[in-house]
>>> print(open('protein.csv').read())   # CSV, C-alpha atoms
chain,number,residue,atom,x,y,z
E,24,MET,CA,76.6,-12.8,-28.7
E,25,ASN,CA,78.7,-9.7,-29.3
E,26,ILE,CA,81.3,-10.4,-26.6
E,27,GLY,CA,84.9,-11.6,-27.3
E,28,LEU,CA,87.9,-10.6,-29.4
E,29,LYS,CA,91.0,-12.4,-30.6
E,30,THR,CA,94.2,-11.4,-28.8
E,31,GLY,CA,95.9,-8.4,-30.5
E,32,VAL,CA,92.9,-7.4,-32.6
E,33,VAL,CA,91.3,-4.0,-32.3
E,34,LYS,CA,87.6,-4.0,-33.3
E,35,LEU,CA,85.1,-1.5,-31.9
E,36,LEU,CA,81.4,-2.0,-31.7
E,37,PRO,CA,78.6,0.4,-30.7
E,38,HIS,CA,77.5,0.1,-27.1
E,39,GLN,CA,75.5,-3.1,-26.5
E,40,ALA,CA,72.8,-3.6,-23.8
E,41,GLU,CA,74.0,-7.2,-23.5
E,42,TRP,CA,77.4,-5.9,-22.1
E,43,GLU,CA,75.6,-4.6,-19.0
E,44,THR,CA,73.7,-7.9,-18.6
E,45,ASN,CA,76.8,-10.0,-19.0
E,46,ALA,CA,78.8,-7.8,-16.6
E,47,GLU,CA,76.1,-8.2,-14.0
E,48,GLU,CA,76.1,-12.0,-14.4
E,49,THR,CA,79.9,-12.0,-14.1
E,50,ILE,CA,79.8,-9.8,-11.0
E,51,MET,CA,77.3,-12.1,-9.4
E,52,LEU,CA,79.5,-15.1,-10.1
E,53,MET,CA,82.5,-13.4,-8.7
E,54,LYS,CA,80.6,-12.4,-5.5
E,55,THR,CA,79.4,-16.0,-5.1
E,56,ILE,CA,82.9,-17.4,-5.4
E,57,LEU,CA,84.7,-14.7,-3.4
E,58,GLY,CA,82.1,-13.9,-0.7
E,59,ASP,CA,83.4,-11.5,1.9
E,60,THR,CA,86.9,-11.5,0.4
E,61,CYS,CA,85.7,-8.9,-2.2
E,62,ILE,CA,84.7,-5.5,-0.9
E,63,ASP,CA,83.1,-4.3,-4.1
E,64,ILE,CA,82.9,-5.4,-7.8
E,65,GLN,CA,82.2,-3.0,-10.6
E,66,HIS,CA,81.7,-3.0,-14.4
E,67,VAL,CA,84.3,-0.6,-15.7
E,68,GLY,CA,86.1,0.2,-19.0
E,69,SER,CA,84.6,1.3,-22.3
E,70,THR,CA,81.8,-1.3,-22.2
E,71,SER,CA,80.4,0.4,-19.1
E,72,ILE,CA,80.3,3.9,-20.8
E,73,LYS,CA,77.1,4.6,-22.6
E,74,HIS,CA,77.1,6.1,-26.0
E,75,ILE,CA,80.7,5.2,-27.0
E,76,CYS,CA,82.1,2.3,-29.0
E,77,ALA,CA,84.2,-0.4,-27.3
E,78,LYS,CA,86.1,-3.5,-27.9
E,79,PRO,CA,83.6,-6.3,-27.0
E,80,ILE,CA,85.6,-7.3,-23.9
E,81,ILE,CA,83.9,-6.8,-20.6
E,82,ASP,CA,86.2,-5.1,-17.9
E,83,ILE,CA,85.4,-5.9,-14.3
E,84,ALA,CA,87.2,-4.4,-11.3
E,85,VAL,CA,87.3,-6.3,-8.1
E,86,ALA,CA,88.3,-4.5,-4.9
E,87,ILE,CA,89.8,-6.5,-2.0
E,88,ASN,CA,91.9,-5.6,1.0
E,89,GLU,CA,95.1,-7.3,-0.1
E,90,LEU,CA,96.0,-8.7,-3.5
E,91,ALA,CA,97.1,-12.0,-2.0
E,92,ASP,CA,93.6,-12.5,-0.6
E,93,ILE,CA,92.3,-13.7,-4.0
E,94,LEU,CA,95.1,-16.2,-4.7
E,95,PRO,CA,93.5,-19.0,-2.6
E,96,TYR,CA,90.5,-18.8,-4.9
E,97,ASN,CA,92.4,-19.5,-8.2
E,98,ASP,CA,91.4,-23.1,-8.4
E,99,VAL,CA,87.7,-22.5,-8.0
E,100,LEU,CA,87.9,-19.4,-10.2
E,101,SER,CA,89.5,-21.5,-13.0
E,102,LYS,CA,86.8,-24.2,-12.6
E,103,ASN,CA,84.4,-21.4,-13.4
E,104,GLY,CA,86.3,-20.2,-16.4
E,105,ILE,CA,88.1,-17.3,-14.7
E,106,PHE,CA,91.9,-17.7,-15.2
E,107,TYR,CA,94.7,-16.0,-13.4
E,108,ARG,CA,97.0,-14.4,-15.9
E,109,LYS,CA,99.6,-12.2,-14.1
E,110,GLU,CA,100.3,-9.1,-12.1
E,111,GLU,CA,99.1,-6.7,-14.9
E,112,THR,CA,100.7,-3.6,-13.5
E,113,THR,CA,102.0,-2.9,-10.0
E,114,GLY,CA,99.2,-3.3,-7.6
E,115,GLN,CA,96.8,-5.1,-10.0
E,116,LEU,CA,96.2,-8.7,-10.8
E,117,LEU,CA,94.7,-9.7,-14.1
E,118,TYR,CA,92.2,-12.6,-14.6
E,119,LEU,CA,90.8,-13.6,-18.0
E,120,MET,CA,87.7,-15.3,-19.3
E,121,GLY,CA,87.0,-16.6,-22.8
E,122,ASP,CA,88.2,-19.3,-25.2
E,123,LEU,CA,91.8,-18.9,-24.3
E,124,GLU,CA,92.9,-21.9,-26.4
E,125,ASN,CA,91.8,-19.9,-29.5
E,126,GLU,CA,93.1,-16.6,-28.0
E,127,ILE,CA,89.6,-15.2,-27.7
E,128,LYS,CA,89.1,-13.0,-24.6
E,129,THR,CA,85.7,-12.1,-23.4
E,130,HIS,CA,86.5,-10.5,-20.0
E,131,HIS,CA,89.4,-8.8,-18.3
E,132,ILE,CA,89.0,-8.9,-14.5
E,133,HIS,CA,91.3,-6.5,-12.7
E,134,VAL,CA,91.8,-7.2,-9.0
E,135,VAL,CA,93.0,-4.2,-7.1
E,136,LYS,CA,93.2,-3.0,-3.5
E,137,TYR,CA,90.0,-1.2,-2.3
E,138,ASN,CA,90.3,2.6,-2.4
E,139,SER,CA,93.7,2.4,-4.2
E,140,VAL,CA,94.5,4.8,-7.1
E,141,ASN,CA,93.7,2.0,-9.5
E,142,TRP,CA,90.3,1.4,-8.0
E,143,GLN,CA,89.5,5.1,-7.9
E,144,ASN,CA,90.7,5.6,-11.5
E,145,TYR,CA,88.4,2.8,-12.8
E,146,LEU,CA,85.3,4.3,-11.1
E,147,ASN,CA,86.1,8.0,-11.8
E,148,PHE,CA,86.9,7.4,-15.5
E,149,ARG,CA,83.6,5.5,-16.0
E,150,ASP,CA,81.5,7.9,-14.0
E,151,PHE,CA,83.0,11.0,-15.5
E,152,LEU,CA,82.6,9.9,-19.1
E,153,ASN,CA,79.0,8.8,-18.4
E,154,ALA,CA,78.3,12.2,-16.8
E,155,PHE,CA,79.9,14.3,-19.6
E,156,PRO,CA,78.9,13.0,-23.1
E,157,GLU,CA,81.1,15.6,-24.8
E,158,LYS,CA,84.2,14.2,-23.0
E,159,ALA,CA,83.1,10.7,-23.9
E,160,ARG,CA,82.7,11.8,-27.5
E,161,LEU,CA,86.3,13.1,-27.6
E,162,TYR,CA,87.5,9.7,-26.2
E,163,ASN,CA,85.3,7.8,-28.7
E,164,GLU,CA,86.6,9.8,-31.7
E,165,LEU,CA,90.2,9.0,-30.7
E,166,LYS,CA,89.5,5.4,-30.1
E,167,GLN,CA,87.9,5.1,-33.6
E,168,GLU,CA,90.8,6.8,-35.3
E,169,LEU,CA,93.3,4.6,-33.5
E,170,ALA,CA,91.3,1.4,-34.3
E,171,LYS,CA,91.4,2.2,-38.0
E,172,LYS,CA,95.1,2.9,-37.8
E,173,TYR,CA,96.1,-0.1,-35.6
E,174,ALA,CA,93.4,-2.7,-36.3
E,175,SER,CA,95.9,-5.5,-35.7
E,176,GLU,CA,98.3,-3.8,-33.3
E,177,ARG,CA,96.6,-3.7,-29.9
E,178,LYS,CA,99.6,-2.3,-28.0
E,179,LEU,CA,99.9,0.7,-30.4
E,180,TYR,CA,96.1,1.3,-30.1
E,181,THR,CA,96.3,1.2,-26.3
E,182,ASP,CA,99.4,3.4,-26.2
E,183,GLY,CA,97.8,6.0,-28.5
E,184,LYS,CA,95.0,6.5,-25.9
E,185,GLY,CA,97.4,7.1,-23.0
E,186,GLU,CA,97.7,10.9,-23.1
E,187,LEU,CA,94.0,11.5,-23.4
E,188,ILE,CA,93.2,9.0,-20.7
E,189,LYS,CA,95.7,10.7,-18.4
E,190,ALA,CA,94.1,14.1,-19.0
E,191,LEU,CA,90.5,12.7,-18.6
E,192,LEU,CA,91.5,11.0,-15.4
E,193,LYS,CA,92.8,14.3,-14.0
E,194,GLU,CA,89.6,16.0,-14.9
E,195,ALA,CA,87.6,13.1,-13.5
E,196,GLU,CA,89.5,13.3,-10.2
E,197,GLU,CA,88.9,17.1,-9.9
E,198,TRP,CA,85.2,16.5,-10.7
E,199,LYS,CA,84.9,13.8,-8.1
E,200,VAL,CA,86.6,16.1,-5.5
E,201,SER,CA,84.1,18.9,-6.3
E,202,PHE,CA,81.3,16.5,-5.3
E,203,ASN,CA,82.7,15.8,-1.8
>>> encode(input="protein.csv", output="structure tokens")
Amino acid sequence: MNIGLKTGVVKLLPHQAEWETNAEETIMLMKTILGDTCIDIQHVGSTSIKHICAKPIIDIAVAINELADILPYNDVLSKNGIFYRKEETTGQLLYLMGDLENEIKTHHIHVVKYNSVNWQNYLNFRDFLNAFPEKARLYNELKQELAKKYASERKLYTDGKGELIKALLKEAEEWKVSFN
């Protein structure tokens, strides 16, 4: 299975059909556990963008009314291999899946408030890059360049994508507004 990566390592793989299947299975598990607590759950991040390379870690965004709504589920989530990590950034909780004892992560599950900027950014970025292959190609080229340069320095790899992501998010938001 082409899912999972050791903490700190940057390795990109071509898009894999199994990422979609795995994301769907994880989404169904989360919906079963959380029930009506979750408003929506989506496969996001680079593994959800066709035709680009990605780190083989599935990103899932879970939308809820209030961040604290998920905390009572932490025990049942952990029994199902989904472990609470921390408040990743303001307004976002991070859960992980994988072989955490060996520092292998297979999934990042981002819990955010429904219709928040974080939620909209996840969906807009994915949808925009899937709709505009030339923009996805630019992002993919930068990712590959940074992966070669920072193969064992994940933070520098991530930081290196920041400016382009910010610009693409702005374009994605404008594109989304033009639809409505």
>>> closest_residue(input="protein.csv", among="E:Tyr107, E:Ile62, E:His130, E:Asp98", to="Trp42 (chain E)", atoms="only C-alpha atoms")
E:His130
>>> residues_around(input="protein.csv", residues="region 43-53 of chain E", least_positions_apart="6", cutoff="9 Å", atoms="all atoms listed in the file", output="ChimeraX atom specification")
/E:26,61,64-66,70-71,81-83,85,100,103,130
>>> residues_around(input="protein.csv", residues="Glu110 (chain E)", least_positions_apart="5", cutoff="10 Å", atoms="all atoms listed in the file", output="ChimeraX atom specification")
/E:90,115-118,133-134
>>> closest_residue(input="protein.csv", among="E:Ala77, E:Val67, E:Val135, E:Ile72", to="Asp92 (chain E)", atoms="all atoms listed in the file")
E:Val135
>>> atom_distance(input="protein.csv", atom1="CA of His38 (chain E)", atom2="CA of Arg160 (chain E)")
12.8 Å
>>> residues_around(input="protein.csv", residues="Pro79 (chain E)", least_positions_apart="4", cutoff="8 Å", atoms="all atoms listed in the file", output="list in words")
Asn25, Ile26, Gly27, Leu28, Lys34, Leu35, Leu36, Trp42, Thr70 and Thr129 of chain E
>>> build_atoms(input="protein.csv", residues="region 29-47 of chain E", atoms="N, CA, C and O atoms", output="mmCIF file, in the coordinates of the input")
data_model
loop_
_atom_site.group_PDB
_atom_site.id
_atom_site.type_symbol
_atom_site.label_atom_id
_atom_site.label_comp_id
_atom_site.auth_asym_id
_atom_site.auth_seq_id
_atom_site.Cartn_x
_atom_site.Cartn_y
_atom_site.Cartn_z
ATOM 1 N N LYS E 29 89.704 -11.646 -30.483
ATOM 2 C CA LYS E 29 91.000 -12.400 -30.600
ATOM 3 C C LYS E 29 92.109 -11.459 -30.041
ATOM 4 O O LYS E 29 92.108 -10.251 -30.259
ATOM 5 N N THR E 30 93.048 -12.062 -29.361
ATOM 6 C CA THR E 30 94.200 -11.400 -28.800
ATOM 7 C C THR E 30 94.892 -10.545 -29.897
ATOM 8 O O THR E 30 95.141 -11.053 -30.984
ATOM 9 N N GLY E 31 95.190 -9.286 -29.610
ATOM 10 C CA GLY E 31 95.900 -8.400 -30.500
ATOM 11 C C GLY E 31 95.073 -7.661 -31.510
ATOM 12 O O GLY E 31 95.537 -6.704 -32.125
ATOM 13 N N VAL E 32 93.825 -8.070 -31.682
ATOM 14 C CA VAL E 32 92.900 -7.400 -32.600
ATOM 15 C C VAL E 32 92.224 -6.246 -31.979
ATOM 16 O O VAL E 32 91.867 -6.302 -30.809
ATOM 17 N N VAL E 33 92.027 -5.191 -32.761
ATOM 18 C CA VAL E 33 91.300 -4.000 -32.300
ATOM 19 C C VAL E 33 90.030 -3.920 -33.188
ATOM 20 O O VAL E 33 90.144 -3.707 -34.389
ATOM 21 N N LYS E 34 88.873 -4.108 -32.574
ATOM 22 C CA LYS E 34 87.600 -4.000 -33.300
ATOM 23 C C LYS E 34 86.637 -3.312 -32.319
ATOM 24 O O LYS E 34 86.455 -3.789 -31.198
ATOM 25 N N LEU E 35 86.041 -2.218 -32.739
ATOM 26 C CA LEU E 35 85.100 -1.500 -31.900
ATOM 27 C C LEU E 35 83.679 -1.718 -32.351
ATOM 28 O O LEU E 35 83.412 -1.754 -33.546
ATOM 29 N N LEU E 36 82.788 -1.860 -31.392
ATOM 30 C CA LEU E 36 81.400 -2.000 -31.700
ATOM 31 C C LEU E 36 80.602 -0.906 -30.939
ATOM 32 O O LEU E 36 81.039 -0.448 -29.880
ATOM 33 N N PRO E 37 79.428 -0.501 -31.465
ATOM 34 C CA PRO E 37 78.600 0.400 -30.700
ATOM 35 C C PRO E 37 78.183 -0.203 -29.386
ATOM 36 O O PRO E 37 78.144 -1.429 -29.263
ATOM 37 N N HIS E 38 77.867 0.636 -28.407
ATOM 38 C CA HIS E 38 77.500 0.100 -27.100
ATOM 39 C C HIS E 38 76.341 -0.882 -27.221
ATOM 40 O O HIS E 38 75.397 -0.661 -27.971
ATOM 41 N N GLN E 39 76.448 -1.984 -26.486
ATOM 42 C CA GLN E 39 75.500 -3.100 -26.500
ATOM 43 C C GLN E 39 74.834 -3.251 -25.148
ATOM 44 O O GLN E 39 75.561 -3.354 -24.153
ATOM 45 N N ALA E 40 73.522 -3.352 -25.091
ATOM 46 C CA ALA E 40 72.800 -3.600 -23.800
ATOM 47 C C ALA E 40 73.284 -4.892 -23.184
ATOM 48 O O ALA E 40 73.357 -5.005 -21.965
ATOM 49 N N GLU E 41 73.604 -5.881 -24.004
ATOM 50 C CA GLU E 41 74.000 -7.200 -23.500
ATOM 51 C C GLU E 41 75.318 -7.092 -22.666
ATOM 52 O O GLU E 41 75.577 -7.945 -21.819
ATOM 53 N N TRP E 42 76.123 -6.059 -22.908
ATOM 54 C CA TRP E 42 77.400 -5.900 -22.100
ATOM 55 C C TRP E 42 77.034 -5.689 -20.665
ATOM 56 O O TRP E 42 77.690 -6.235 -19.784
ATOM 57 N N GLU E 43 76.017 -4.874 -20.410
ATOM 58 C CA GLU E 43 75.600 -4.600 -19.000
ATOM 59 C C GLU E 43 75.092 -5.894 -18.370
ATOM 60 O O GLU E 43 75.459 -6.200 -17.230
ATOM 61 N N THR E 44 74.250 -6.618 -19.082
ATOM 62 C CA THR E 44 73.700 -7.900 -18.600
ATOM 63 C C THR E 44 74.792 -8.867 -18.266
ATOM 64 O O THR E 44 74.821 -9.502 -17.204
ATOM 65 N N ASN E 45 75.706 -9.014 -19.204
ATOM 66 C CA ASN E 45 76.800 -10.000 -19.000
ATOM 67 C C ASN E 45 77.686 -9.548 -17.851
ATOM 68 O O ASN E 45 78.111 -10.397 -17.058
ATOM 69 N N ALA E 46 77.956 -8.265 -17.732
ATOM 70 C CA ALA E 46 78.800 -7.800 -16.600
ATOM 71 C C ALA E 46 78.100 -8.098 -15.286
ATOM 72 O O ALA E 46 78.757 -8.569 -14.346
ATOM 73 N N GLU E 47 76.790 -7.876 -15.199
ATOM 74 C CA GLU E 47 76.100 -8.200 -14.000
ATOM 75 C C GLU E 47 76.147 -9.657 -13.619
ATOM 76 O O GLU E 47 76.338 -10.013 -12.446
#
